[in-house]
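Source file: target21.tsv; contents: TSV, C-alpha atoms and all ligand atoms.
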chain	number	residue	atom	x	y	z
C	1	MET	CA	128.72	93.13	132.18
C	2	LYS	CA	127.89	91.41	128.90
C	3	THR	CA	125.44	88.51	128.93
C	4	THR	CA	127.89	86.19	127.19
C	5	ALA	CA	130.49	86.93	129.83
C	6	ILE	CA	127.91	86.23	132.51
C	7	SER	CA	126.95	82.89	130.98
C	8	PHE	CA	130.62	81.96	130.89
C	9	LEU	CA	130.94	83.05	134.50
C	10	LEU	CA	127.93	80.97	135.53
C	11	VAL	CA	129.39	77.87	133.93
C	12	ALA	CA	132.75	78.54	135.59
C	13	LEU	CA	131.14	79.15	138.98
C	14	SER	CA	128.93	76.08	139.00
C	15	ALA	CA	131.83	73.96	137.77
C	16	SER	CA	133.87	75.12	140.77
C	17	GLY	CA	131.00	74.39	143.16
C	18	CYS	CA	130.28	78.04	144.02
C	19	THR	CA	126.54	77.58	143.55
C	20	SER	CA	125.38	80.17	146.05
C	21	GLN	CA	127.40	82.90	144.36
C	22	ALA	CA	126.20	81.64	141.01
C	23	GLN	CA	122.61	81.94	142.20
C	24	SER	CA	123.04	85.58	143.12
C	25	VAL	CA	124.69	86.36	139.77
C	26	ARG	CA	121.84	84.53	138.02
C	27	HIS	CA	119.29	86.80	139.67
C	28	ALA	CA	121.11	89.90	138.53
C	29	ALA	CA	121.62	88.81	134.91
C	30	PRO	CA	119.06	88.54	132.13
C	31	ARG	CA	118.72	85.03	130.72
C	32	PRO	CA	120.81	84.77	127.53
C	33	ALA	CA	118.62	84.48	124.43
C	34	SER	CA	118.47	81.06	122.87
C	35	SER	CA	117.14	82.07	119.47
C	36	LEU	CA	117.58	84.74	116.85
C	37	SER	CA	114.06	86.13	117.27
C	38	GLU	CA	114.47	86.41	121.00
C	39	ALA	CA	117.92	88.00	120.71
C	40	PHE	CA	116.79	90.65	118.25
C	41	GLU	CA	113.51	91.39	119.98
C	42	GLY	CA	113.36	95.10	120.67
C	43	HIS	CA	115.81	95.74	117.80
C	44	PHE	CA	113.93	94.42	114.76
C	45	LEU	CA	111.83	91.47	113.67
C	46	MET	CA	113.79	88.45	112.51
C	47	GLY	CA	112.05	86.93	109.52
C	48	THR	CA	112.20	84.09	107.06
C	49	ALA	CA	110.55	83.14	103.76
C	50	LEU	CA	108.40	80.01	103.68
C	51	ASN	CA	108.00	77.57	100.81
C	52	THR	CA	105.03	75.26	100.21
C	53	ALA	CA	106.22	72.33	102.34
C	54	GLN	CA	106.99	74.65	105.25
C	55	ILE	CA	103.62	76.40	105.01
C	56	PHE	CA	101.83	73.06	105.19
C	57	GLU	CA	104.08	71.97	108.10
C	58	LYS	CA	105.25	68.84	106.29
C	59	ASN	CA	108.15	68.37	108.66
C	60	ALA	CA	107.83	68.90	112.40
C	61	ALA	CA	111.54	69.60	112.92
C	62	GLU	CA	111.45	72.30	110.24
C	63	THR	CA	108.33	73.89	111.76
C	64	SER	CA	109.95	73.98	115.14
C	65	LEU	CA	113.11	75.56	113.71
C	66	ILE	CA	111.01	78.25	111.99
C	67	THR	CA	108.84	79.05	114.98
C	68	SER	CA	111.67	79.05	117.49
C	69	GLN	CA	114.14	81.18	115.50
C	70	PHE	CA	111.95	83.64	113.60
C	71	SER	CA	109.31	86.21	114.50
C	72	SER	CA	108.15	87.16	111.00
C	73	ILE	CA	107.23	85.27	107.83
C	74	VAL	CA	106.82	86.07	104.16
C	75	ALA	CA	105.70	83.66	101.43
C	76	GLU	CA	108.48	82.75	99.02
C	77	ASN	CA	106.07	82.26	96.10
C	78	CYS	CA	102.42	81.59	96.90
C	79	MET	CA	101.24	85.20	97.06
C	80	LYS	CA	102.79	86.19	93.73
C	81	SER	CA	100.13	86.97	91.11
C	82	GLU	CA	100.92	83.92	88.96
C	83	SER	CA	100.25	81.62	91.94
C	84	ILE	CA	97.39	83.35	93.68
C	85	HIS	CA	95.53	84.68	90.63
C	86	PRO	CA	96.25	82.13	87.86
C	87	GLU	CA	93.15	82.95	85.81
C	88	GLN	CA	91.24	86.19	85.59
C	89	GLU	CA	88.17	84.79	87.31
C	90	ARG	CA	89.96	82.39	89.64
C	91	PHE	CA	92.00	83.02	92.76
C	92	PHE	CA	93.93	80.15	94.34
C	93	TRP	CA	93.69	80.74	98.06
C	94	THR	CA	94.59	77.37	99.56
C	95	GLU	CA	98.29	77.98	100.07
C	96	ALA	CA	98.13	81.68	100.89
C	97	ASP	CA	95.40	81.03	103.47
C	98	ALA	CA	97.54	78.30	105.02
C	99	PHE	CA	100.50	80.70	105.07
C	100	VAL	CA	98.52	83.36	106.92
C	101	SER	CA	97.11	80.75	109.33
C	102	PHE	CA	100.66	79.53	110.02
C	103	GLY	CA	101.65	83.03	111.06
C	104	GLU	CA	98.62	83.47	113.30
C	105	LYS	CA	98.92	80.05	114.87
C	106	HIS	CA	102.55	80.72	115.78
C	107	ASP	CA	102.02	84.36	116.69
C	108	MET	CA	104.29	85.77	113.99
C	109	HIS	CA	104.36	89.03	112.04
C	110	ILE	CA	103.12	88.41	108.48
C	111	GLN	CA	104.40	90.21	105.39
C	112	GLY	CA	102.69	90.01	101.97
C	113	HIS	CA	104.91	89.53	98.91
C	114	THR	CA	104.14	90.85	96.32
C	115	LEU	CA	101.25	92.68	94.61
C	116	ALA	CA	102.72	94.17	91.44
C	117	TRP	CA	105.78	92.52	89.90
C	118	HIS	CA	106.60	91.97	86.23
C	119	SER	CA	107.96	88.51	87.05
C	120	GLN	CA	105.88	85.49	88.07
C	121	ALA	CA	102.80	87.30	86.72
C	122	PRO	CA	100.12	85.20	84.99
C	123	ALA	CA	100.01	85.37	81.18
C	124	TRP	CA	96.35	86.50	81.12
C	125	LEU	CA	97.09	89.70	83.04
C	126	PHE	CA	98.48	91.74	80.16
C	127	VAL	CA	96.49	90.43	77.17
C	128	ASP	CA	92.93	90.11	75.88
C	129	ALA	CA	91.21	86.97	74.58
C	130	GLN	CA	92.92	87.42	71.19
C	131	GLY	CA	96.32	87.68	72.81
C	132	ASN	CA	96.73	91.41	72.14
C	133	GLU	CA	98.02	93.70	74.87
C	134	VAL	CA	95.18	95.27	76.82
C	135	SER	CA	94.69	99.03	77.19
C	136	ARG	CA	95.91	101.15	80.10
C	137	GLU	CA	92.35	101.28	81.50
C	138	VAL	CA	91.91	97.52	81.40
C	139	LEU	CA	95.25	96.78	83.06
C	140	LEU	CA	94.60	99.39	85.76
C	141	ASP	CA	91.20	97.85	86.37
C	142	ARG	CA	92.66	94.33	86.57
C	143	MET	CA	95.36	95.42	89.00
C	144	GLN	CA	92.85	97.27	91.15
C	145	THR	CA	90.78	94.09	91.38
C	146	HIS	CA	93.87	92.00	92.16
C	147	ILE	CA	95.19	94.33	94.85
C	148	THR	CA	91.82	95.04	96.44
C	149	THR	CA	90.87	91.36	96.60
C	150	LEU	CA	94.12	90.34	98.31
C	151	LEU	CA	94.26	93.23	100.76
C	152	GLN	CA	90.66	92.85	101.82
C	153	ARG	CA	90.89	89.09	102.23
C	154	TYR	CA	93.86	89.43	104.58
C	155	GLN	CA	92.94	92.75	106.18
C	156	GLY	CA	94.15	92.98	109.76
C	157	ARG	CA	96.16	89.77	109.35
C	158	VAL	CA	98.90	90.60	106.85
C	159	VAL	CA	100.61	93.61	108.42
C	160	GLY	CA	102.58	94.96	105.48
C	161	TRP	CA	102.72	94.43	101.72
C	162	ASP	CA	105.49	94.67	99.17
C	163	VAL	CA	103.16	96.63	96.90
C	164	VAL	CA	105.57	97.08	94.00
C	165	ASN	CA	108.60	94.88	93.43
C	166	GLU	CA	111.62	95.72	91.26
C	167	ALA	CA	110.31	98.61	89.16
C	168	VAL	CA	113.69	100.40	88.91
C	169	LEU	CA	116.75	99.46	86.84
C	170	ASP	CA	120.41	99.76	87.78
C	171	ASP	CA	120.70	103.15	86.07
C	172	GLY	CA	117.82	104.52	88.14
C	173	SER	CA	115.27	104.58	85.32
C	174	LEU	CA	111.98	102.68	85.35
C	175	ARG	CA	112.18	99.09	84.14
C	176	ASP	CA	110.74	98.48	80.68
C	177	SER	CA	108.04	96.11	81.93
C	178	ALA	CA	104.53	95.41	80.65
C	179	PHE	CA	103.30	97.69	83.46
C	180	LEU	CA	105.37	100.64	82.19
C	181	ARG	CA	104.60	99.94	78.54
C	182	ILE	CA	100.85	99.60	78.99
C	183	ILE	CA	100.08	101.98	81.87
C	184	GLY	CA	102.90	104.50	81.60
C	185	PRO	CA	105.32	106.00	84.16
C	186	ASP	CA	102.57	106.63	86.71
C	187	TRP	CA	101.92	102.89	87.06
C	188	VAL	CA	103.68	102.61	90.45
C	189	GLU	CA	101.61	105.46	91.85
C	190	HIS	CA	98.38	103.69	90.89
C	191	MET	CA	99.42	100.47	92.62
C	192	PHE	CA	100.04	102.31	95.90
C	193	ARG	CA	96.77	104.22	95.57
C	194	PHE	CA	94.83	100.97	95.02
C	195	ALA	CA	96.49	99.40	98.05
C	196	GLN	CA	95.86	102.35	100.31
C	197	ALA	CA	92.20	102.49	99.30
C	198	ALA	CA	91.75	98.74	99.79
C	199	ASP	CA	93.17	98.59	103.33
C	200	PRO	CA	94.11	101.91	104.94
C	201	SER	CA	95.59	100.05	107.92
C	202	ALA	CA	98.13	97.99	105.92
C	203	LYS	CA	101.75	99.12	105.72
C	204	LEU	CA	102.81	99.67	102.14
C	205	PHE	CA	106.34	99.17	100.84
C	206	TYR	CA	108.45	99.40	97.72
C	207	ASN	CA	110.90	96.47	97.44
C	208	ASP	CA	113.95	96.01	95.19
C	209	TYR	CA	117.39	94.40	94.79
C	210	SER	CA	120.80	96.07	94.26
C	211	THR	CA	119.59	99.09	96.22
C	212	TRP	CA	123.25	99.64	97.14
C	213	LYS	CA	124.14	100.66	93.59
C	214	PRO	CA	124.22	104.47	93.79
C	215	GLU	CA	122.28	105.21	90.58
C	216	LYS	CA	119.63	102.65	91.38
C	217	ARG	CA	119.43	103.82	94.99
C	218	GLU	CA	118.81	107.38	93.80
C	219	GLY	CA	116.24	106.20	91.23
C	220	ILE	CA	114.31	104.45	94.01
C	221	TYR	CA	114.68	107.50	96.23
C	222	ARG	CA	113.28	109.78	93.52
C	223	LEU	CA	110.40	107.43	92.78
C	224	VAL	CA	109.28	106.98	96.39
C	225	LYS	CA	109.92	110.60	97.40
C	226	GLY	CA	107.97	111.78	94.37
C	227	LEU	CA	104.98	109.69	95.45
C	228	GLN	CA	105.19	110.81	99.06
C	229	ASP	CA	105.41	114.47	98.00
C	230	LYS	CA	102.16	113.96	96.08
C	231	GLY	CA	100.47	112.57	99.16
C	232	VAL	CA	100.64	108.91	98.12
C	233	ARG	CA	101.47	106.82	101.17
C	234	VAL	CA	104.60	104.66	100.92
C	235	ASP	CA	105.70	103.57	104.39
C	236	GLY	CA	109.21	102.59	103.41
C	237	VAL	CA	111.55	100.53	101.32
C	238	GLY	CA	112.50	96.87	101.37
C	239	MET	CA	116.16	96.30	100.52
C	240	GLN	CA	116.53	92.78	99.18
C	241	GLY	CA	119.74	91.36	100.52
C	242	HIS	CA	120.84	88.86	97.87
C	243	MET	CA	124.59	89.15	98.33
C	244	GLY	CA	127.91	87.53	97.68
C	245	LEU	CA	130.79	86.98	100.09
C	246	HIS	CA	132.35	90.31	99.10
C	247	THR	CA	129.71	92.23	97.17
C	248	PRO	CA	128.24	94.66	98.07
C	249	THR	CA	130.69	96.26	100.48
C	250	VAL	CA	129.34	97.08	103.92
C	251	GLY	CA	130.00	100.75	103.14
C	252	ALA	CA	127.92	100.76	99.95
C	253	PHE	CA	125.05	98.96	101.67
C	254	GLU	CA	125.24	101.35	104.60
C	255	GLU	CA	125.08	104.42	102.35
C	256	ALA	CA	121.92	103.05	100.75
C	257	LEU	CA	120.42	102.16	104.11
C	258	VAL	CA	120.98	105.66	105.43
C	259	ARG	CA	119.65	107.30	102.27
C	260	LEU	CA	116.55	105.11	101.97
C	261	SER	CA	115.74	105.44	105.66
C	262	GLU	CA	114.99	109.12	104.92
C	263	LEU	CA	111.85	107.76	103.21
C	264	GLY	CA	110.53	105.82	106.21
C	265	GLU	CA	110.92	102.28	107.52
C	266	VAL	CA	113.68	100.17	106.01
C	267	MET	CA	113.47	96.40	105.91
C	268	ILE	CA	116.18	93.97	104.85
C	269	THR	CA	113.77	91.74	103.01
C	270	GLU	CA	115.59	88.90	101.28
C	271	LEU	CA	118.92	88.19	102.88
C	272	ASP	CA	121.09	85.39	101.54
C	273	ILE	CA	124.83	85.26	100.96
C	274	SER	CA	125.94	83.07	98.08
C	275	THR	CA	129.29	81.33	98.52
C	276	LEU	CA	129.55	80.35	94.86
C	277	PRO	CA	131.39	81.94	91.95
C	278	ARG	CA	129.22	84.40	90.09
C	279	PRO	CA	128.75	83.55	86.42
C	280	GLY	CA	129.24	86.68	84.32
C	281	LYS	CA	129.65	90.23	85.51
C	282	ASP	CA	126.09	91.00	86.56
C	283	VAL	CA	125.72	91.58	90.30
C	284	SER	CA	121.98	91.55	90.92
C	285	ALA	CA	119.05	89.36	91.79
C	286	GLU	CA	117.50	89.56	88.35
C	287	VAL	CA	115.36	86.41	88.35
C	288	SER	CA	115.29	86.18	84.55
C	289	LEU	CA	119.06	85.50	84.49
C	290	SER	CA	119.76	81.91	83.59
C	291	VAL	CA	123.20	80.51	82.86
C	292	ALA	CA	123.89	76.99	81.56
C	293	TYR	CA	125.33	74.60	84.15
C	294	GLN	CA	129.13	74.40	84.32
C	295	GLU	CA	130.83	71.92	86.58
C	296	GLU	CA	133.64	74.34	87.51
C	297	MET	CA	131.06	76.84	88.78
C	298	ASN	CA	129.86	74.30	91.35
C	299	PRO	CA	132.98	73.84	93.49
C	300	PHE	CA	131.49	72.97	96.91
C	301	ARG	CA	129.39	69.90	96.14
C	302	GLN	CA	131.09	67.94	98.93
C	303	GLY	CA	130.95	70.70	101.54
C	304	LEU	CA	132.22	74.17	102.24
C	305	PRO	CA	136.00	74.53	102.82
C	306	GLU	CA	136.75	75.91	106.28
C	307	SER	CA	138.15	79.18	104.93
C	308	VAL	CA	134.97	79.89	102.97
C	309	ALA	CA	132.76	78.88	105.91
C	310	GLN	CA	134.67	81.35	108.08
C	311	ARG	CA	134.31	84.10	105.53
C	312	LEU	CA	130.57	83.41	105.35
C	313	ASN	CA	130.21	83.62	109.13
C	314	HIS	CA	132.20	86.82	109.21
C	315	ARG	CA	130.06	88.25	106.43
C	316	PHE	CA	126.86	87.54	108.39
C	317	VAL	CA	128.40	89.14	111.46
C	318	GLU	CA	129.54	92.28	109.64
C	319	MET	CA	126.14	92.70	108.00
C	320	PHE	CA	124.29	92.28	111.29
C	321	GLU	CA	126.70	94.71	112.98
C	322	LEU	CA	125.60	97.15	110.31
C	323	PHE	CA	121.90	96.37	110.84
C	324	LEU	CA	122.28	96.84	114.58
C	325	ARG	CA	124.03	100.18	114.13
C	326	HIS	CA	120.96	101.29	112.17
C	327	ARG	CA	118.36	99.45	114.20
C	328	ALA	CA	116.42	102.69	114.76
C	329	SER	CA	115.61	102.69	111.02
C	330	ILE	CA	115.20	98.94	110.45
C	331	SER	CA	111.94	97.21	111.34
C	332	ARG	CA	112.70	93.73	110.02
C	333	VAL	CA	115.55	91.55	108.74
C	334	THR	CA	114.35	88.52	106.77
C	335	THR	CA	116.49	85.71	105.39
C	336	TRP	CA	115.25	84.37	102.06
C	337	GLY	CA	114.62	80.84	103.23
C	338	VAL	CA	115.25	78.72	106.30
C	339	THR	CA	118.01	76.19	105.53
C	340	ASP	CA	120.52	75.86	102.69
C	341	ALA	CA	118.58	72.83	101.41
C	342	SER	CA	115.73	74.88	99.99
C	343	SER	CA	117.44	78.15	99.05
C	344	TRP	CA	116.64	79.44	95.57
C	345	ARG	CA	120.36	80.22	95.21
C	346	ASN	CA	121.08	76.54	94.57
C	347	ASP	CA	119.28	77.10	91.25
C	348	TRP	CA	119.74	80.76	90.43
C	349	PRO	CA	121.35	82.00	88.27
C	350	MET	CA	122.62	78.50	87.44
C	351	LYS	CA	120.47	75.45	88.05
C	352	GLY	CA	121.73	72.47	90.02
C	353	ARG	CA	124.52	73.90	92.20
C	354	VAL	CA	125.15	73.41	95.91
C	355	ASP	CA	125.18	76.73	97.76
C	356	TYR	CA	125.32	77.66	101.46
C	357	PRO	CA	123.66	81.08	101.67
C	358	LEU	CA	121.55	80.88	104.85
C	359	LEU	CA	122.05	80.69	108.60
C	360	PHE	CA	121.02	77.03	108.99
C	361	ASN	CA	122.69	73.99	107.42
C	362	ARG	CA	120.92	71.37	105.32
C	363	ASP	CA	120.47	69.22	108.43
C	364	ARG	CA	118.86	72.25	110.18
C	365	SER	CA	121.77	72.73	112.56
C	366	PRO	CA	122.77	76.36	113.10
C	367	LYS	CA	125.93	77.68	111.49
C	368	PRO	CA	128.45	79.23	113.91
C	369	ALA	CA	127.18	82.64	112.79
C	370	VAL	CA	123.91	82.08	114.67
C	371	ALA	CA	125.54	82.07	118.11
C	372	ARG	CA	127.66	85.06	117.11
C	373	LEU	CA	124.60	87.02	116.02
C	374	ILE	CA	122.77	86.18	119.23
C	375	ALA	CA	125.76	87.39	121.24
C	376	LEU	CA	126.03	90.50	119.08
C	377	ALA	CA	122.42	91.45	119.78
C	378	HIS	CA	123.25	91.74	123.49
C	379	ASN	CA	126.29	93.96	123.12
Y	401	LIG	C1	112.38	83.73	93.98
Y	401	LIG	C2	112.00	82.45	94.69
Y	401	LIG	O1	112.84	82.26	95.79
Y	401	LIG	C3	112.09	81.27	93.74
Y	401	LIG	O2	111.57	80.09	94.36
Y	401	LIG	C4	111.32	81.58	92.45
Y	401	LIG	O3	111.53	80.53	91.54
Y	401	LIG	C5	111.78	82.88	91.84
Y	401	LIG	O4	111.63	83.92	92.79
Y	401	LIG	N1	113.43	88.72	94.26
Y	401	LIG	C6	112.18	88.51	94.81
Y	401	LIG	C7	111.76	87.14	95.17
Y	401	LIG	O5	111.48	89.50	95.10
Y	401	LIG	O6	110.37	86.97	95.05
Y	401	LIG	C8	112.49	86.10	94.34
Y	401	LIG	O7	112.11	84.82	94.83
Y	401	LIG	C9	113.97	86.33	94.40
Y	401	LIG	C10	114.35	87.68	93.88
How does the structure come out when it is put into structure tokens?
Amino acid sequence: MKTTAISFLLVALSASGCTSQAQSVRHAAPRPASSLSEAFEGHFLMGTALNTAQIFEKNAAETSLITSQFSSIVAENCMKSESIHPEQERFFWTEADAFVSFGEKHDMHIQGHTLAWHSQAPAWLFVDAQGNEVSREVLLDRMQTHITTLLQRYQGRVVGWDVVNEAVLDDGSLRDSAFLRIIGPDWVEHMFRFAQAADPSAKLFYNDYSTWKPEKREGIYRLVKGLQDKGVRVDGVGMQGHMGLHTPTVGAFEEALVRLSELGEVMITELDISTLPRPGKDVSAEVSLSVAYQEEMNPFRQGLPESVAQRLNHRFVEMFELFLRHRASISRVTTWGVTDASSWRNDWPMKGRVDYPLLFNRDRSPKPAVARLIALAHN
């Protein structure tokens, strides 16, 4: 019998005074999970991304929501190279250390994000004192120092790292970034080699968005498979899950999940489901996109209409049904943020909108999807 049915039965039995029968049923049935992390335990880790205020536990109610609902954390920004390595000779550890301590204090799995990414990289990284682009050797040396320093500082504490983020374009080719321009097409390989040498016990991942687009999916597959065939360790792929209410289709996402799971562990790393109209045709999570504010693109300032709220809940359910079907391949599902109040989607790709992309409302109450997901995990 399903746990939800049993809980219903227990309520019905105690309401009718049949407590002795209820007692015996209670002994036979597992206690229904009261949180997402508990419900998905044994299936996959349930993660969230933490911002600065959350890392420093500025709000007790928020901390308790995070620690009760999630079993894994990733830093939304503070481990990106621009934040943690702002000057060549200076690392800024305060926030990243606090992030790692948060995870240890609350007994959570800790993911590092991200070592090599063209975005949110400090200006000094790619140029010399005169402002000219550095040579391949110099950039490789700088990245080796960066990667080695981070991995060794958090060795045995950060379990896995997004070693390379977003190196592949929609057409499957390598992105024309400073890394590609200066180092050449083998740049990704070097980043994984540096990471493996720095901490052989860390899990090493490639992470990207729009992995459901077939050409991009195959580009990522070729890249990672090529490295693995050469003996470079890549433990798996992180599929960012920045979605809309209808895009991508469950089928397209599933095809990518199945294909990428041939490479190792799959993680759904950055799940959020925007409810807002998409400006322009681009369906991606390209952080450099920035569209001027338009009032008509911000339709839900006063709240989400019931029909949209229902669609959102259904969308979460259908995605988690998919994740559960493939739980043997998935090690972690992480939402990109805790509540709607602090989601980056309020400001990307258009600043100043009111979006509802996460599982918890602005007042920290759970959306109806949360109870449905918990029930789903038991089926
Ligand atoms: C986003 C953060 O959420 C924002 O706060 C920041 O301003 C920009 O980056 N892909 C990634 C994440 O890998 O690191 C990005 O996070 C979202 C897209």
Self-check item: Selection: 9 Å around Gln155 in chain C, only C-alpha atoms, excl. self and same-chain fewer than 6 positions, as number ranges by chain
Solution: C: 198-199, 201-202
Exercise. Name each residue within 7 Å of ligand LIG 401 (chain Y), counting all atoms listed in the file, as a PyMOL selection string.
Key: chain C and resi 76-77+165+208-209+285-287+343-344
Practice problem: Write out as a PyMOL selection string which residues come within 6 Å of Ser329 in chain C when counting only C-alpha atoms, dropping same-chain ones fewer than 3 positions away. | Solution: chain C and resi 265-266+326
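Those DNA, RNA and protein residues that approach the point (116.4, 99.3, 89.2) to within 8 Å, considering all atoms listed in the file, are Glu166, Ala167, Val168, Leu169, Asp170, Asp171, Gly172, Ser173, Leu174, Arg175, Asp208, Tyr209, Ser210, Thr211, Lys216, Arg217, Gly219 and Ile220 of chain C.
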Self-check item: Computed interatomic separation between CA of Ile268 in chain C and CA of Val333 in chain C (Å)
Solution: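 We find that CA of Ile268 in chain C and CA of Val333 in chain C lie 4.6 Å from each other.
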List as JSON lines every residue of range 317-359 of chain C that is in contact with range 50-58 of chain C, defined as an atom at most 9 Å from one of its atoms (using all atoms listed in the file), together with the nearest atom pair and the distance in Å rounded to one decimal, sorted by chain and then rising number.
{"residue": "C:Trp336", "atom": "CA", "partner": "C:Leu50", "partner_atom": "CA", "distance": 8.3}
{"residue": "C:Gly337", "atom": "CA", "partner": "C:Leu50", "partner_atom": "CA", "distance": 6.3}
{"residue": "C:Val338", "atom": "CA", "partner": "C:Leu50", "partner_atom": "CA", "distance": 7.4}
{"residue": "C:Ser342", "atom": "CA", "partner": "C:Asn51", "partner_atom": "CA", "distance": 8.2}
I need the residues from that last selection saved to file as a tab-separated table (two decimals), in the coordinates of the input (with C-alpha atoms), if you can.
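Result written to result13.tsv:
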chain	number	residue	atom	x	y	z
C	336	TRP	CA	115.25	84.37	102.06
C	337	GLY	CA	114.62	80.84	103.23
C	338	VAL	CA	115.25	78.72	106.30
C	342	SER	CA	115.73	74.88	99.99
Quiz item: Using all atoms listed in the file, which residue out of C:Ile110, C:Leu180, C:Val188, C:Leu139 lies closest to Leu227 in chain C?
Solution: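 That would be C:Val188, the residue with the smallest distance to Leu227 in chain C.
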Quiz item: At what distance in Å, to one decimal, does CA of Ile330 in chain C lie from CA of Glu262 in chain C?
Solution: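 Straight-line distance from CA of Glu262 in chain C to CA of Ile330 in chain C works out to 11.6 Å.
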Self-check item: Length of the CA of Gly112 in chain C to CA of Val159 in chain C vector [Å]
Solution: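 Going from CA of Gly112 in chain C over to CA of Val159 in chain C, I get 7.7 Å.
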Quiz item: For Tyr154 in chain C, which residue among C:Ser101, C:Ser274, C:Ser177, C:Asn132 is the nearest when counting all atoms listed in the file?
Solution: C:Ser101
Quiz item: Which residues come within 12 Å of Gly42 in chain C, counting only C-alpha atoms, excluding same-chain residues fewer than 3 positions away, as a count of residues only?
Solution: 15
Practice problem: Select, from C:Leu263, C:Val250, C:Leu125, C:Leu359, the residue with the minimum atom-to-atom distance to Phe179 in chain C, counting all atoms listed in the file. | Solution: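 Residue with the minimum atom-to-atom distance to Phe179 in chain C: C:Leu125.
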Considering only C-alpha atoms, return as a short mmCIF file (atom, residue, chain, number, x, y, z; two decimals) with C-alpha atoms, keeping the file's coordinate frame whatever protein or nucleic-acid residues lie within 12 Å of Val158 in chain C, sequence-local ones (same chain, fewer than 2 positions apart) excluded.
data_model
loop_
_atom_site.label_atom_id
_atom_site.label_comp_id
_atom_site.auth_asym_id
_atom_site.auth_seq_id
_atom_site.Cartn_x
_atom_site.Cartn_y
_atom_site.Cartn_z
CA SER C 72 108.15 87.16 111.00
CA ILE C 73 107.23 85.27 107.83
CA VAL C 74 106.82 86.07 104.16
CA ALA C 75 105.70 83.66 101.43
CA MET C 79 101.24 85.20 97.06
CA ALA C 96 98.13 81.68 100.89
CA ASP C 97 95.40 81.03 103.47
CA PHE C 99 100.50 80.70 105.07
CA VAL C 100 98.52 83.36 106.92
CA SER C 101 97.11 80.75 109.33
CA PHE C 102 100.66 79.53 110.02
CA GLY C 103 101.65 83.03 111.06
CA GLU C 104 98.62 83.47 113.30
CA MET C 108 104.29 85.77 113.99
CA HIS C 109 104.36 89.03 112.04
CA ILE C 110 103.12 88.41 108.48
CA GLN C 111 104.40 90.21 105.39
CA GLY C 112 102.69 90.01 101.97
CA HIS C 113 104.91 89.53 98.91
CA THR C 114 104.14 90.85 96.32
CA LEU C 150 94.12 90.34 98.31
CA LEU C 151 94.26 93.23 100.76
CA GLN C 152 90.66 92.85 101.82
CA ARG C 153 90.89 89.09 102.23
CA TYR C 154 93.86 89.43 104.58
CA GLN C 155 92.94 92.75 106.18
CA GLY C 156 94.15 92.98 109.76
CA GLY C 160 102.58 94.96 105.48
CA TRP C 161 102.72 94.43 101.72
CA ASP C 162 105.49 94.67 99.17
CA ASP C 199 93.17 98.59 103.33
CA SER C 201 95.59 100.05 107.92
CA ALA C 202 98.13 97.99 105.92
CA LYS C 203 101.75 99.12 105.72
CA LEU C 204 102.81 99.67 102.14
#
Quiz item: For Asn346 in chain C, which residue among C:Met297, C:Ala61, C:Val138, C:Val370 is the nearest when counting only C-alpha atoms?
Solution: C:Met297
Draw an axis-aligned box tight on the listed atoms of range 332-339 of chain C, then pad every side by 4 Å and write out centre and edge lengths in Å to one decimal as AutoDock Vina command-line options.
--center_x 115.4 --center_y 85.0 --center_z 106.0 --size_x 13.3 --size_y 25.5 --size_z 16.0
Quiz item: Near Pro299 in chain C, within 10 Å and counting only C-alpha atoms, which residues show up once chain neighbours fewer than 6 positions away are dropped, as a ChimeraX atom specification?
Solution: /C:275-277,305,353-355
Just the selected residues (C-alpha atoms), exported as a compact mmCIF listing (two decimals), keeping the file's coordinate frame, please.
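Output contents, as saved in selection-v1.txt:
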# COMPACT_ATOMS: atom_id res chain seq x y z
CA THR C 275 129.29 81.33 98.52
CA LEU C 276 129.55 80.35 94.86
CA PRO C 277 131.39 81.94 91.95
CA PRO C 305 136.00 74.53 102.82
CA ARG C 353 124.52 73.90 92.20
CA VAL C 354 125.15 73.41 95.91
CA ASP C 355 125.18 76.73 97.76
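Taking only C-alpha atoms into account, Gly251 in chain C lies nearest to C:Lys213 out of the set C:Arg345, C:Lys213, C:Arg136, C:Arg193.
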Quiz item: For the point (98.9, 86.1, 94.8) in file coordinates, what residues are within 8 Å, counting all atoms listed in the file? Give the answer as a PyMOL selection string?
Solution: chain C and resi 78-85+91-92+96+114-115+150
Which range 222-247 of chain C residues have any atom within 12 Å of an atom of range 308-318 of chain C, and for each, what is the nearest pair of atoms with distance in Å to one decimal, counting all atoms listed in the file, rows sorted by chain and number, as JSON lines?
{"residue": "C:Gly241", "atom": "CA", "partner": "C:Phe316", "partner_atom": "CA", "distance": 11.3}
{"residue": "C:Met243", "atom": "CA", "partner": "C:Arg315", "partner_atom": "CA", "distance": 9.8}
{"residue": "C:Gly244", "atom": "CA", "partner": "C:Arg315", "partner_atom": "CA", "distance": 9.0}
{"residue": "C:Leu245", "atom": "CA", "partner": "C:Leu312", "partner_atom": "CA", "distance": 6.4}
{"residue": "C:His246", "atom": "CA", "partner": "C:Arg315", "partner_atom": "CA", "distance": 8.0}
{"residue": "C:Thr247", "atom": "CA", "partner": "C:Arg315", "partner_atom": "CA", "distance": 10.1}
